[in-house]
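Data from structure_10.txt: compact mmCIF, C-alpha atoms and all ligand atoms
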# COMPACT_ATOMS: atom_id res chain seq x y z
CA MET J 1 -7.36 -29.16 -5.03
CA ALA J 2 -5.48 -26.31 -3.40
CA ALA J 3 -3.18 -24.32 -5.66
CA LYS J 4 0.58 -24.57 -5.79
CA ILE J 5 1.93 -21.47 -4.00
CA ILE J 6 4.55 -19.74 -6.12
CA LYS J 7 6.90 -18.15 -3.59
CA GLY J 8 9.19 -15.36 -4.73
CA GLY J 9 11.98 -16.00 -2.21
CA PRO J 10 13.39 -19.27 -3.60
CA ILE J 11 13.17 -17.96 -7.19
CA ALA J 12 14.98 -14.77 -6.18
CA GLU J 13 17.67 -16.93 -4.54
CA GLU J 14 18.05 -18.99 -7.72
CA ILE J 15 18.50 -15.80 -9.78
CA ARG J 16 21.00 -14.40 -7.23
CA ALA J 17 23.08 -17.58 -7.41
CA GLU J 18 23.31 -17.22 -11.21
CA LEU J 19 24.11 -13.52 -10.89
CA ALA J 20 26.81 -14.09 -8.26
CA GLN J 21 28.58 -16.45 -10.68
CA GLU J 22 28.34 -13.92 -13.49
CA VAL J 23 29.68 -11.15 -11.24
CA GLU J 24 32.58 -13.43 -10.21
CA SER J 25 33.59 -13.90 -13.84
CA LEU J 26 33.37 -10.14 -14.46
CA LYS J 27 35.54 -9.52 -11.38
CA ALA J 28 38.09 -11.97 -12.77
CA LYS J 29 38.36 -9.56 -15.72
CA GLY J 30 38.81 -6.64 -13.30
CA ILE J 31 35.26 -5.29 -13.72
CA VAL J 32 33.13 -4.57 -10.62
CA PRO J 33 29.47 -3.76 -11.26
CA LYS J 34 28.25 -0.67 -9.43
CA LEU J 35 24.74 0.67 -8.84
CA SER J 36 24.10 4.22 -7.62
CA VAL J 37 20.84 4.81 -5.80
CA VAL J 38 19.56 8.36 -5.39
CA LEU J 39 17.38 8.85 -2.30
CA VAL J 40 15.75 12.26 -1.85
CA GLY J 41 14.11 12.81 1.55
CA ASP J 42 13.21 10.19 4.12
CA ASP J 43 10.05 8.47 2.86
CA PRO J 44 10.12 5.28 4.98
CA GLY J 45 9.32 2.99 2.03
CA SER J 46 12.10 4.51 -0.09
CA VAL J 47 14.63 4.30 2.75
CA TRP J 48 13.73 0.60 3.20
CA TYR J 49 14.04 -0.12 -0.54
CA ALA J 50 17.41 1.67 -0.72
CA ARG J 51 18.78 -0.34 2.25
CA ASN J 52 17.43 -3.52 0.75
CA LYS J 53 19.36 -2.83 -2.46
CA VAL J 54 22.59 -2.47 -0.46
CA LYS J 55 21.97 -5.86 1.19
CA THR J 56 21.01 -7.60 -2.07
CA GLY J 57 24.06 -6.07 -3.77
CA GLU J 58 26.28 -7.59 -1.07
CA LYS J 59 24.77 -11.03 -1.75
CA VAL J 60 25.59 -10.98 -5.48
CA GLY J 61 28.76 -8.86 -5.49
CA VAL J 62 27.31 -5.66 -6.95
CA VAL J 63 28.58 -2.50 -5.21
CA VAL J 64 25.59 -0.34 -4.24
CA GLU J 65 26.18 3.25 -3.14
CA VAL J 66 23.28 5.34 -1.83
CA HIS J 67 23.32 9.10 -2.36
CA GLU J 68 21.11 10.58 0.35
CA LEU J 69 19.80 14.07 -0.34
CA ALA J 70 17.67 16.24 1.96
CA ALA J 71 13.94 16.44 1.21
CA ASP J 72 14.24 20.13 0.26
CA THR J 73 17.06 19.61 -2.28
CA PRO J 74 16.26 21.72 -5.39
CA GLU J 75 15.34 19.78 -8.54
CA VAL J 76 18.34 21.20 -10.39
CA GLU J 77 20.67 19.61 -7.81
CA VAL J 78 19.00 16.21 -8.12
CA VAL J 79 19.30 16.38 -11.92
CA GLY J 80 22.91 17.56 -11.47
CA LEU J 81 23.73 14.48 -9.39
CA VAL J 82 22.12 12.18 -11.97
CA GLU J 83 24.18 13.84 -14.71
CA LYS J 84 27.36 13.41 -12.66
CA LEU J 85 26.57 9.71 -12.24
CA ASN J 86 25.80 9.44 -15.98
CA ALA J 87 29.32 10.67 -16.69
CA ASP J 88 31.07 8.42 -14.14
CA PRO J 89 32.50 5.38 -15.98
CA ASP J 90 32.64 3.36 -12.74
CA VAL J 91 28.85 3.63 -12.27
CA HIS J 92 26.93 1.12 -14.40
CA GLY J 93 23.40 1.57 -13.05
CA ILE J 94 21.39 4.51 -11.67
CA LEU J 95 18.11 4.27 -9.80
CA VAL J 96 16.16 7.18 -8.31
CA GLU J 97 13.87 6.04 -5.48
CA LEU J 98 10.22 7.09 -5.79
CA PRO J 99 8.23 8.94 -4.64
CA LEU J 100 10.20 12.15 -5.01
CA PRO J 101 9.22 15.21 -2.90
CA ALA J 102 6.34 17.21 -4.43
CA HIS J 103 8.50 20.15 -5.61
CA ILE J 104 10.48 17.86 -7.95
CA ASP J 105 9.24 17.01 -11.45
CA LYS J 106 9.55 13.20 -11.55
CA ALA J 107 9.59 13.03 -15.37
CA ARG J 108 12.44 15.55 -15.58
CA VAL J 109 14.60 13.57 -13.16
CA MET J 110 13.78 10.18 -14.71
CA ASN J 111 14.52 11.38 -18.21
CA ALA J 112 17.87 12.78 -17.04
CA ILE J 113 19.09 9.20 -16.42
CA ALA J 114 21.29 7.94 -19.26
CA PRO J 115 19.23 5.13 -20.90
CA ALA J 116 22.27 2.82 -20.81
CA LYS J 117 22.33 3.11 -16.98
CA ASP J 118 18.55 3.17 -16.44
CA VAL J 119 18.23 -0.08 -14.43
CA ASP J 120 14.51 0.30 -13.70
CA GLY J 121 13.65 0.90 -17.35
CA VAL J 122 11.95 4.26 -16.75
CA THR J 123 13.34 6.24 -19.70
CA ALA J 124 11.63 6.62 -23.07
CA VAL J 125 14.48 4.75 -24.80
CA ASN J 126 14.10 1.59 -22.70
CA ARG J 127 10.28 1.81 -22.92
CA GLY J 128 10.71 2.02 -26.69
CA TYR J 129 12.92 -1.08 -26.83
CA VAL J 130 10.30 -3.04 -24.86
CA LEU J 131 7.48 -1.75 -27.10
CA GLY J 132 9.48 -2.48 -30.25
CA GLY J 133 10.36 -6.05 -29.28
CA GLN J 134 14.10 -5.31 -28.81
CA GLU J 135 14.27 -6.78 -25.34
CA ASP J 136 17.92 -7.80 -25.75
CA LEU J 137 18.87 -4.09 -25.86
CA ALA J 138 16.41 -3.00 -23.16
CA LEU J 139 16.78 -2.45 -19.46
CA VAL J 140 13.33 -3.82 -18.64
CA PRO J 141 11.31 -2.39 -15.70
CA ALA J 142 11.85 -4.58 -12.63
CA THR J 143 8.29 -5.45 -11.57
CA PRO J 144 7.02 -6.67 -14.97
CA LEU J 145 10.26 -8.62 -15.41
CA SER J 146 9.74 -10.15 -11.93
CA CYS J 147 6.30 -11.36 -13.06
CA ILE J 148 7.81 -12.96 -16.17
CA GLU J 149 10.58 -14.66 -14.14
CA LEU J 150 8.05 -15.99 -11.62
CA ILE J 151 5.92 -17.48 -14.38
CA GLN J 152 8.78 -18.94 -16.41
CA ARG J 153 10.89 -20.25 -13.52
CA SER J 154 7.93 -22.00 -11.94
CA GLY J 155 7.62 -24.04 -15.12
CA VAL J 156 4.49 -22.40 -16.52
CA GLU J 157 4.39 -22.33 -20.35
CA ILE J 158 3.35 -18.89 -21.69
CA LYS J 159 3.43 -19.70 -25.41
CA GLY J 160 0.00 -19.40 -27.01
CA LYS J 161 -1.73 -19.02 -23.65
CA ARG J 162 -4.61 -16.66 -22.91
CA VAL J 163 -3.19 -14.07 -20.48
CA THR J 164 -5.19 -11.28 -18.85
CA VAL J 165 -3.35 -8.37 -17.25
CA VAL J 166 -5.49 -6.25 -14.92
CA GLY J 167 -4.03 -2.72 -14.97
CA ARG J 168 -2.46 -0.61 -17.72
CA GLY J 169 -0.15 1.39 -15.44
CA ASP J 170 3.22 2.58 -16.72
CA THR J 171 5.09 0.70 -14.00
CA VAL J 172 3.59 -2.77 -14.27
CA GLY J 173 0.60 -3.56 -16.53
CA ARG J 174 1.54 -1.83 -19.77
CA PRO J 175 5.19 -2.99 -20.02
CA LEU J 176 4.19 -6.48 -18.82
CA ALA J 177 1.59 -6.79 -21.60
CA MET J 178 4.34 -5.97 -24.13
CA LEU J 179 6.76 -8.52 -22.62
CA LEU J 180 4.08 -11.23 -22.78
CA LEU J 181 3.39 -10.40 -26.44
CA GLN J 182 7.08 -10.59 -27.36
CA LYS J 183 8.00 -13.14 -30.04
CA GLY J 184 9.17 -16.26 -28.24
CA ARG J 185 6.77 -15.75 -25.33
CA ASP J 186 3.81 -15.55 -27.69
CA ALA J 187 0.96 -15.02 -25.25
CA THR J 188 -2.46 -13.85 -26.41
CA VAL J 189 -2.92 -10.82 -24.17
CA THR J 190 -5.96 -8.98 -22.87
CA VAL J 191 -5.34 -5.80 -20.87
CA CYS J 192 -8.03 -4.54 -18.46
CA HIS J 193 -8.41 -1.18 -16.70
CA SER J 194 -10.93 0.81 -14.71
CA ARG J 195 -13.20 1.27 -17.76
CA THR J 196 -13.26 -2.43 -18.70
CA GLN J 197 -16.93 -3.44 -18.89
CA ASP J 198 -16.73 -7.13 -18.04
CA LEU J 199 -13.69 -7.50 -15.81
CA ALA J 200 -14.92 -10.80 -14.37
CA GLY J 201 -15.39 -12.27 -17.87
CA ALA J 202 -11.94 -11.11 -19.01
CA CYS J 203 -10.38 -12.66 -15.90
CA ARG J 204 -12.27 -15.95 -16.26
CA TRP J 205 -11.07 -16.19 -19.89
CA ALA J 206 -7.46 -16.27 -18.73
CA GLU J 207 -5.22 -19.28 -18.33
CA ILE J 208 -2.71 -16.90 -16.72
CA LEU J 209 -4.10 -13.93 -14.78
CA VAL J 210 -1.87 -11.07 -13.63
CA ALA J 211 -3.28 -8.52 -11.20
CA ALA J 212 -1.55 -5.12 -11.29
CA ALA J 213 -4.25 -2.59 -10.41
CA GLY J 214 -3.55 -1.68 -6.80
CA ALA J 215 -7.29 -1.11 -6.52
CA GLY J 216 -7.47 -1.18 -2.71
CA ALA J 217 -7.31 -3.65 0.13
CA ASP J 218 -10.80 -5.14 -0.36
CA HIS J 219 -9.73 -7.48 -3.17
CA LEU J 220 -10.68 -6.61 -6.73
CA ILE J 221 -10.21 -10.20 -7.95
CA LYS J 222 -12.55 -12.68 -6.25
CA ALA J 223 -12.32 -16.46 -6.51
CA ASP J 224 -15.31 -16.69 -8.88
CA MET J 225 -13.42 -14.51 -11.41
CA ILE J 226 -10.69 -17.15 -11.74
CA SER J 227 -10.86 -20.06 -14.15
CA PRO J 228 -10.28 -23.37 -12.30
CA GLY J 229 -6.61 -24.32 -12.61
CA ALA J 230 -5.47 -20.87 -13.84
CA VAL J 231 -2.09 -19.43 -12.83
CA VAL J 232 -2.56 -16.23 -10.81
CA ILE J 233 0.25 -13.68 -10.39
CA ASP J 234 -0.52 -10.81 -8.02
CA ALA J 235 1.81 -7.85 -8.52
CA ALA J 236 -0.27 -5.34 -6.58
CA ILE J 237 0.55 -3.82 -3.23
CA ASN J 238 -2.36 -2.40 -1.23
CA GLU J 239 -1.80 -1.10 2.26
CA LYS J 240 -4.34 -2.17 4.88
CA PRO J 241 -5.37 0.16 7.74
CA ASP J 242 -3.17 -1.86 10.15
CA GLY J 243 -0.12 -1.18 7.94
CA SER J 244 0.15 -4.70 6.52
CA ILE J 245 -0.05 -5.26 2.76
CA THR J 246 -2.24 -7.31 0.47
CA GLY J 247 -2.57 -7.79 -3.27
CA ASP J 248 -5.53 -7.35 -5.62
CA VAL J 249 -6.52 -11.02 -5.36
CA ASP J 250 -8.56 -12.57 -2.53
CA PHE J 251 -5.72 -15.03 -1.91
CA GLU J 252 -7.39 -17.32 0.65
CA ALA J 253 -10.42 -18.03 -1.56
CA ALA J 254 -8.49 -17.90 -4.86
CA LYS J 255 -5.99 -20.58 -3.82
CA GLU J 256 -8.86 -23.08 -3.67
CA VAL J 257 -9.63 -22.44 -7.37
CA ALA J 258 -6.33 -21.53 -9.05
CA GLY J 259 -3.76 -24.06 -10.22
CA ALA J 260 -0.90 -21.89 -8.93
CA ILE J 261 -0.83 -18.51 -7.22
CA THR J 262 1.64 -15.98 -5.81
CA PRO J 263 1.13 -14.63 -2.27
CA VAL J 264 1.38 -10.96 -1.18
CA PRO J 265 3.72 -10.38 0.51
CA GLY J 266 6.21 -13.05 -0.52
CA GLY J 267 5.54 -13.20 -4.26
CA VAL J 268 6.40 -10.68 -6.99
CA GLY J 269 7.80 -8.12 -4.52
CA SER J 270 10.46 -10.59 -3.32
CA LEU J 271 12.12 -10.51 -6.73
CA THR J 272 12.32 -6.87 -7.73
CA THR J 273 15.55 -5.91 -5.95
CA THR J 274 17.28 -8.99 -7.33
CA ILE J 275 16.04 -8.08 -10.82
CA ILE J 276 17.55 -4.59 -10.37
CA MET J 277 20.93 -6.25 -9.68
CA GLY J 278 20.47 -8.34 -12.82
CA ASN J 279 19.71 -5.19 -14.78
CA THR J 280 22.88 -3.54 -13.37
CA VAL J 281 24.95 -6.46 -14.68
CA LYS J 282 23.12 -6.33 -18.04
CA ALA J 283 23.70 -2.55 -18.22
CA LEU J 284 27.42 -3.06 -17.59
CA LYS J 285 27.62 -5.73 -20.30
CA LEU J 286 25.75 -3.55 -22.81
CA GLN J 287 28.02 -0.59 -21.97
CA LYS J 288 31.18 -2.68 -22.44
CA GLY J 289 29.98 -4.60 -25.50
CA LEU J 290 29.99 -7.88 -23.52
CA ALA J 291 26.27 -8.66 -23.94
P1 LIG J 301 -1.07 2.56 -11.72
O1 LIG J 301 -0.20 3.31 -12.65
O2 LIG J 301 -1.77 3.26 -10.62
O3 LIG J 301 -2.13 1.77 -12.60
C1 LIG J 301 -3.17 1.06 -12.03
C2 LIG J 301 -3.99 0.45 -13.14
O4 LIG J 301 -5.04 -0.32 -12.56
C3 LIG J 301 -4.65 1.47 -14.05
O5 LIG J 301 -4.54 1.05 -15.39
C4 LIG J 301 -6.11 1.46 -13.59
O6 LIG J 301 -7.02 1.75 -14.63
C5 LIG J 301 -6.26 0.03 -13.14
N1 LIG J 301 -7.32 -0.10 -12.16
C6 LIG J 301 -7.47 0.58 -11.00
N2 LIG J 301 -8.63 0.22 -10.40
C7 LIG J 301 -9.18 -0.72 -11.19
C8 LIG J 301 -10.39 -1.47 -11.12
N3 LIG J 301 -11.24 -1.32 -10.10
N4 LIG J 301 -10.67 -2.34 -12.12
C9 LIG J 301 -9.82 -2.50 -13.15
N5 LIG J 301 -8.66 -1.81 -13.28
C10 LIG J 301 -8.36 -0.93 -12.31
O7 LIG J 301 -0.30 1.37 -11.03
P2 LIG J 301 1.19 0.81 -11.24
O8 LIG J 301 2.16 1.84 -10.81
O9 LIG J 301 1.32 0.19 -12.59
O10 LIG J 301 1.20 -0.34 -10.12
C11 LIG J 301 0.25 -1.37 -10.12
C12 LIG J 301 0.30 -2.10 -8.80
O11 LIG J 301 1.57 -2.74 -8.68
C13 LIG J 301 0.17 -1.21 -7.55
O12 LIG J 301 -0.55 -1.91 -6.57
C14 LIG J 301 1.60 -1.03 -7.08
O13 LIG J 301 1.69 -0.81 -5.69
C15 LIG J 301 2.15 -2.39 -7.44
N6 LIG J 301 3.61 -2.41 -7.57
C16 LIG J 301 4.23 -3.47 -7.00
C17 LIG J 301 5.60 -3.55 -7.06
C18 LIG J 301 6.27 -4.74 -6.44
O14 LIG J 301 7.46 -4.71 -6.20
N7 LIG J 301 5.54 -5.83 -6.20
C19 LIG J 301 6.35 -2.56 -7.69
C20 LIG J 301 5.70 -1.51 -8.31
C21 LIG J 301 4.29 -1.44 -8.24
P3 LIG J 301 -7.05 3.18 -15.42
O15 LIG J 301 -5.84 3.15 -16.30
O16 LIG J 301 -8.31 3.14 -16.17
O17 LIG J 301 -6.97 4.22 -14.36

Please rewrite the model in this file as structure tokens.
Amino acid sequence: MAAKIIKGGPIAEEIRAELAQEVESLKAKGIVPKLSVVLVGDDPGSVWYARNKVKTGEKVGVVVEVHELAADTPEVEVVGLVEKLNADPDVHGILVELPLPAHIDKARVMNAIAPAKDVDGVTAVNRGYVLGGQEDLALVPATPLSCIELIQRSGVEIKGKRVTVVGRGDTVGRPLAMLLLQKGRDATVTVCHSRTQDLAGACRWAEILVAAAGAGADHLIKADMISPGAVVIDAAINEKPDGSITGDVDFEAAKEVAGAITPVPGGVGSLTTTIIMGNTVKALKLQKGLA
């Protein structure tokens, strides 16, 4: 039987409807959530993501302002802008679009963001909260949180399940593994990487399989690596020579085996901007003691 297709769009819309209500009640108290996006240079992907945040902000009532800096802006000026935004009480969230130009030290800029405003969970403090099981205090990275929302909101039970995460990257795999392990979610988690000896076996073991390797467009995860009926979440983005994107999973073959599966595009990636808005509202509430 063909798998249920878990589409990101309707789930993102559901989350936005909840957020819009929450923002309305904050506005009734005279508080308007605001996200500042820092865009250095004109990388087409980053420009698109920044614009998309403005549009998503409009849908939920979060004010999004984009600070556009020239590609040759010195690192000290980028850090200076971040520090100015840190000190601005009207700014509740800060996000620096990646990639940054080569002359800028990414870690230095990311760690300049005040943890309380770090809406993509990139600072050591927010990483530490996730690692230490203090998710209520954390601003959780958007892509792993999107994976969790997709699983939970499509009615899939995580508790006690065998979950395999393919990829131990800082952005997706590693934080996601920690979120799945969290008390309350209670998954039994296996994390795979490029040195894993029996990737196929580890994938077949899983009742929920999350692909987050970005291992190239020729599909790392084949249908015969998926246990019949398993839930498959594909967080990867691989660019094909024609400019289109695909995930790590051979979607067409896998949907004949899996119980449920996310497409690429149209799956995990459809949620991330909405999750950033949610994190901006959470940041505001933590800052004001309303959480
Ligand atoms: P990353 O830091 O590059 O990590 C990739 C991980 O995959 C590494 O742990 C690597 O193993 C592992 N890997 C690579 N090739 C493999 C193979 N052949 N077999 C098994 N494991 C392999 O990646 P990331 O930044 O976490 O991102 C992961 C993916 O998510 C990328 O495709 C990225 O584009 C995508 N992404 C999507 C969104 C979205 O909105 N949907 C947002 C952010 C990122 P080693 O550790 O051994 O090198």

Kindly give the distance, in Å, that separates atom C7 of ligand LIG 301 (chain J) and CA of Leu179 (chain J), rounded to a single decimal.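 Computing the Euclidean distance for atom C7 of ligand LIG 301 (chain J) and CA of Leu179 (chain J) yields 21.1 Å.
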
Ref. answer, residues at most 6 Å from (24.2, -8.7, -8.9) with all atoms listed in the file, as a list in words: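 Answer for this query, in the requested form: Leu19, Gly57, Val60, Gly61, Val62, Met277 and Gly278 of chain J.
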
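Taking only C-alpha atoms and all ligand atoms into account, ligand LIG 301 (chain J) lies nearest to J:Thr143 out of the set J:Thr280, J:Ser227, J:Ser36, J:Thr143.
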
Can you measure CA of Leu290 (chain J) to CA of Val54 (chain J) for me? One decimal in Å is fine.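 About the pair CA of Leu290 (chain J) and CA of Val54 (chain J): they are 24.8 Å apart.
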
As a quick test: using all atoms listed in the file, which residues lie no more than 7 Å away from ligand LIG 301 (chain J)? Give them as a ChimeraX atom specification. /J:143,166-173,192-196,199,212-215,220,235-238,268-269,272

Using all atoms listed in the file, what residues lie at most 8 Å away from (-10.8, -7.9, -10.8) (file coordinates), given as a list in words?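 Residues lying no farther than 8 Å from the given point: Val166, Leu199, Ala200, Cys203, Ala211, His219, Leu220, Ile221, Lys222, Met225, Asp248 and Val249 of chain J.
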
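Nearest-residue note for Glu58 (chain J): choosing from J:Leu284, J:Ala87, J:Thr274, J:Lys183, the minimum distance belongs to J:Thr274, counting only C-alpha atoms.
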
At a cut-off of 10 Å, using only C-alpha atoms, what residues contact region 250-254 of chain J? Leave out same-chain residues fewer than 6 positions from it and give the result as a ChimeraX atom specification. /J:2-3,217-228,230,232,234,260-264

Atom pair CA of Leu271 (chain J) / CA of Ala12 (chain J): separation (Å):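 Value for the CA of Leu271 (chain J)-CA of Ala12 (chain J) distance: 5.2 Å.
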
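Nearest-residue note for Glu68 (chain J): choosing from J:Glu24, J:Asp42, J:Asp242, J:Asp90, the minimum distance belongs to J:Asp42, counting all atoms listed in the file.
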
Looking at J:Thr190, J:Met110, J:Gly93, J:Val231, which one is nearest to Glu157 (chain J), with distances taken over only C-alpha atoms?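 Checking each candidate against Glu157 (chain J), we get J:Val231 as the closest.
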
Name the residues in contact with Val66 (chain J) at a cut-off of 9 Å, using all atoms listed in the file, excluding same-chain residues fewer than 5 positions from it; report them as a short mmCIF file (atom, residue, chain, number, x, y, z; two decimals) with C-alpha atoms, in the frame of the given file.
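Writing done, so here's out00.cif:
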data_model
loop_
_atom_site.label_atom_id
_atom_site.label_comp_id
_atom_site.auth_asym_id
_atom_site.auth_seq_id
_atom_site.Cartn_x
_atom_site.Cartn_y
_atom_site.Cartn_z
CA LEU J 35 24.74 0.67 -8.84
CA SER J 36 24.10 4.22 -7.62
CA VAL J 37 20.84 4.81 -5.80
CA VAL J 38 19.56 8.36 -5.39
CA LEU J 39 17.38 8.85 -2.30
CA ALA J 50 17.41 1.67 -0.72
CA ARG J 51 18.78 -0.34 2.25
CA VAL J 54 22.59 -2.47 -0.46
#

Which one of J:Gly259, J:Gly216, J:Gly229, J:Gly184 sits closest to Pro241 (chain J) if you count only C-alpha atoms?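 Nearest to Pro241 (chain J): J:Gly216.
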
Quick one: of J:Gln21, J:Gln182, J:Ser146, J:Asn86, who's nearest to Lys117 (chain J), counting only C-alpha atoms? J:Asn86

Residues near Asp72 (chain J), cut-off 9 Å, all atoms listed in the file, skip fewer than 5 positions along chain, as a VMD selection string: chain J and resid 40 to 41 101 103

Compile the contact shell of Ile31 (chain J) as a list in words: residues with an atom at most 12 Å away, counting all atoms listed in the file, same-chain residues fewer than 2 positions apart removed.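 These residues fall inside the cut-off: Glu22, Val23, Glu24, Ser25, Leu26, Lys27, Ala28, Lys29, Pro33, Lys34, Gly61, Val62, Val63, Pro89, Asp90, Val91, His92, Val281, Leu284, Lys285, Gln287, Lys288 and Leu290 of chain J.
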